>>> print(open('final_16.tsv').read())   # TSV, C-alpha atoms
chain	number	residue	atom	x	y	z
U	1	MET	CA	9.05	1.48	-6.55
U	2	THR	CA	11.58	-0.91	-8.00
U	3	PRO	CA	15.37	-0.80	-8.27
U	4	GLN	CA	14.98	-0.34	-12.03
U	5	ILE	CA	12.79	2.75	-11.55
U	6	VAL	CA	15.22	4.19	-9.01
U	7	ARG	CA	18.15	3.70	-11.39
U	8	LYS	CA	16.39	5.07	-14.47
U	9	ARG	CA	14.40	7.98	-13.04
U	10	GLY	CA	16.45	8.84	-9.96
U	11	PHE	CA	20.02	8.43	-11.12
U	12	ARG	CA	20.25	8.23	-14.90
U	13	LYS	CA	17.91	11.04	-15.88
U	14	ASN	CA	18.84	14.71	-16.07
U	15	PRO	CA	17.19	16.41	-14.36
U	16	ILE	CA	16.27	13.61	-12.00
U	17	ASP	CA	12.65	13.07	-10.95
U	18	PHE	CA	13.41	12.33	-7.30
U	19	TYR	CA	16.07	11.71	-4.71
U	20	CYS	CA	16.58	8.54	-2.72
U	21	ILE	CA	18.21	7.92	0.67
U	22	VAL	CA	19.29	4.32	1.09
U	23	ALA	CA	20.02	2.48	4.33
U	24	GLU	CA	22.46	-0.35	3.64
U	25	ASP	CA	23.67	-3.36	5.60
U	26	GLU	CA	26.78	-4.49	3.74
U	27	ASP	CA	25.38	-5.60	0.35
U	28	LYS	CA	21.71	-5.50	1.38
U	29	ILE	CA	19.25	-2.63	1.22
U	30	ALA	CA	17.68	-2.27	4.66
U	31	GLY	CA	15.44	0.66	3.74
U	32	ILE	CA	14.79	3.48	1.31
U	33	LEU	CA	13.26	6.93	1.47
U	34	VAL	CA	12.22	8.63	-1.78
U	35	TYR	CA	11.57	12.38	-1.88
U	36	TYR	CA	11.44	15.40	-4.11
U	37	PHE	CA	11.49	19.14	-3.61
U	38	LEU	CA	8.46	21.42	-3.72
U	39	PRO	CA	10.13	24.74	-4.54
U	40	TYR	CA	6.99	26.80	-4.03
U	41	THR	CA	4.26	26.05	-1.52
U	42	ALA	CA	1.17	27.99	-0.46
U	43	GLN	CA	3.41	29.66	2.15
U	44	ASN	CA	5.94	30.57	-0.60
U	45	ILE	CA	8.69	28.58	1.10
U	46	PRO	CA	10.40	25.44	-0.17
U	47	ALA	CA	9.37	22.08	1.23
U	48	ILE	CA	10.20	18.44	0.73
U	49	TYR	CA	7.59	15.88	-0.22
U	50	MET	CA	8.40	12.37	0.99
U	51	LYS	CA	6.91	9.97	-1.52
U	52	GLU	CA	7.98	6.62	-0.06
U	53	ILE	CA	9.63	5.25	3.03
U	54	TYR	CA	10.15	1.53	3.27
U	55	VAL	CA	12.12	-0.64	5.67
U	56	ASP	CA	12.67	-4.29	4.80
U	57	GLU	CA	10.80	-6.62	7.16
U	58	ASN	CA	14.11	-8.12	8.37
U	59	TYR	CA	15.23	-4.68	9.61
U	60	ARG	CA	12.07	-3.35	11.22
U	61	GLY	CA	12.24	-2.40	14.88
U	62	GLN	CA	15.87	-1.30	14.53
U	63	LYS	CA	15.16	2.44	14.09
U	64	ILE	CA	16.10	2.38	10.39
U	65	GLY	CA	13.02	4.45	9.51
U	66	GLU	CA	13.93	7.05	12.12
U	67	GLN	CA	17.49	7.21	10.78
U	68	LEU	CA	16.17	7.74	7.26
U	69	MET	CA	13.90	10.53	8.53
U	70	LYS	CA	16.76	12.20	10.43
U	71	THR	CA	18.77	12.21	7.21
U	72	LEU	CA	15.81	13.74	5.36
U	73	ILE	CA	15.44	16.43	8.04
U	74	LYS	CA	19.11	17.36	7.58
U	75	GLU	CA	18.55	17.55	3.81
U	76	ALA	CA	15.53	19.80	4.34
U	77	GLU	CA	17.51	22.10	6.62
U	78	LEU	CA	20.40	22.30	4.13
U	79	ASN	CA	17.93	23.42	1.45
U	80	ASN	CA	16.06	25.95	3.64
U	81	CYS	CA	12.90	23.86	3.59
U	82	LYS	CA	10.51	24.61	6.43
U	83	GLN	CA	8.29	21.53	6.04
U	84	ILE	CA	8.39	17.88	5.12
U	85	LYS	CA	5.07	16.68	3.76
U	86	TRP	CA	3.76	13.18	3.13
U	87	THR	CA	0.63	11.08	3.15
U	88	VAL	CA	-0.18	7.81	4.89
U	89	ALA	CA	-2.98	5.48	3.86
U	90	PRO	CA	-5.73	5.34	6.53
U	91	TRP	CA	-5.36	1.56	6.81
U	92	ASN	CA	-1.61	1.79	7.51
U	93	GLU	CA	-1.68	1.69	11.31
U	94	ALA	CA	2.06	1.05	11.61
U	95	GLY	CA	2.76	4.02	9.34
U	96	THR	CA	0.45	6.25	11.36
U	97	LYS	CA	2.13	5.23	14.63
U	98	PHE	CA	5.55	5.86	13.07
U	99	CYS	CA	4.47	9.39	12.12
U	100	GLU	CA	3.15	10.05	15.60
U	101	ARG	CA	6.42	8.83	17.17
U	102	LEU	CA	8.28	11.31	14.99
U	103	GLY	CA	6.09	14.12	16.31
U	104	ALA	CA	4.37	14.68	12.96
U	105	LYS	CA	0.84	16.03	13.04
U	106	ASP	CA	-2.15	15.06	10.92
U	107	ASN	CA	-2.92	18.00	8.64
U	108	ASN	CA	-6.60	18.36	7.84
U	109	ASP	CA	-6.23	21.86	6.39
U	110	TRP	CA	-6.18	20.50	2.84
U	111	LEU	CA	-8.26	17.98	0.91
U	112	ASN	CA	-6.54	15.51	-1.37
U	113	PHE	CA	-7.82	15.43	-4.94
U	114	GLU	CA	-6.65	13.54	-7.98
U	115	LEU	CA	-7.51	13.55	-11.63
U	116	SER	CA	-7.03	10.24	-13.41
U	117	LEU	CA	-6.03	10.44	-17.05
>>> encode(input="final_16.tsv", output="structure tokens")
Amino acid sequence: MTPQIVRKRGFRKNPIDFYCIVAEDEDKIAGILVYYFLPYTAQNIPAIYMKEIYVDENYRGQKIGEQLMKTLIKEAELNNCKQIKWTVAPWNEAGTKFCERLGAKDNNDWLNFELSL
């Protein structure tokens, strides 16, 4: 994810491909969270899929990630979403610990598949 992609696909396209929550410190970006809506899920309720969450190394340990997630939770509630879904790479120990601190649970009910084109 680059600033150019965010500008082009998130802000200058209609309809936009995704939404982005930005944590700022004056003129610096401290962190970003990219998400999009899943209007229909297997449970027939809307959900949010969090695609990326990133906190700049200089801002880690300051609860920026938790603040971004709290903002996303409010957005989900405003849009009647009952779930926020995301994936974490198995090697990302810090990401896994972050998810656990939030109270998120590992969901093994589904298998991830992809089809490369």
>>> closest_atom_pairs(input="final_16.tsv", of="segment 6-82 of chain U", to="segment 97-110 of chain U", cutoff="12 Å", atoms="only C-alpha atoms", output="CSV")
residue,atom,partner,partner_atom,distance
U:Ala42,CA,U:Trp110,CA,11.0
U:Ile53,CA,U:Phe98,CA,10.9
U:Tyr54,CA,U:Phe98,CA,11.7
U:Val55,CA,U:Phe98,CA,11.8
U:Arg60,CA,U:Phe98,CA,11.4
U:Gly61,CA,U:Phe98,CA,10.8
U:Lys63,CA,U:Phe98,CA,10.3
U:Ile64,CA,U:Phe98,CA,11.4
U:Gly65,CA,U:Phe98,CA,8.4
U:Glu66,CA,U:Leu102,CA,7.6
U:Gln67,CA,U:Leu102,CA,10.9
U:Leu68,CA,U:Leu102,CA,11.6
U:Met69,CA,U:Leu102,CA,8.6
U:Lys70,CA,U:Leu102,CA,9.7
U:Ile73,CA,U:Leu102,CA,11.2
>>> atom_distance(input="final_16.tsv", atom1="atom CA of Val88 of chain U", atom2="atom CA of Tyr19 of chain U")
19.3 Å
>>> closest_residue(input="final_16.tsv", among="U:Lys85, U:Lys74, U:Lys28, U:Arg9", to="Lys51 of chain U", atoms="only C-alpha atoms")
U:Lys85
>>> atom_distance(input="final_16.tsv", atom1="atom CA of Phe37 of chain U", atom2="atom CA of Pro15 of chain U")
12.5 Å
>>> atom_distance(input="final_16.tsv", atom1="atom CA of Glu114 of chain U", atom2="atom CA of Trp86 of chain U")
15.2 Å
>>> residues_around(input="final_16.tsv", residues="Ile84 of chain U", least_positions_apart="4", cutoff="7 Å", atoms="all atoms listed in the file", output="PDB file with C-alpha atoms, keeping the file's coordinate frame")
ATOM      1  CA  ALA U  47       9.370  22.080   1.230  1.00  0.00           C
ATOM      2  CA  ILE U  48      10.200  18.440   0.730  1.00  0.00           C
ATOM      3  CA  TYR U  49       7.590  15.880  -0.220  1.00  0.00           C
ATOM      4  CA  MET U  50       8.400  12.370   0.990  1.00  0.00           C
TER       5      MET U  50
END
>>> closest_residue(input="final_16.tsv", among="U:Gln83, U:Lys8, U:Glu26, U:Thr71", to="Gln43 of chain U", atoms="all atoms listed in the file")
U:Gln83
>>> closest_residue(input="final_16.tsv", among="U:Leu38, U:Leu115, U:Gln4, U:Asp17", to="Ala76 of chain U", atoms="only C-alpha atoms")
U:Leu38
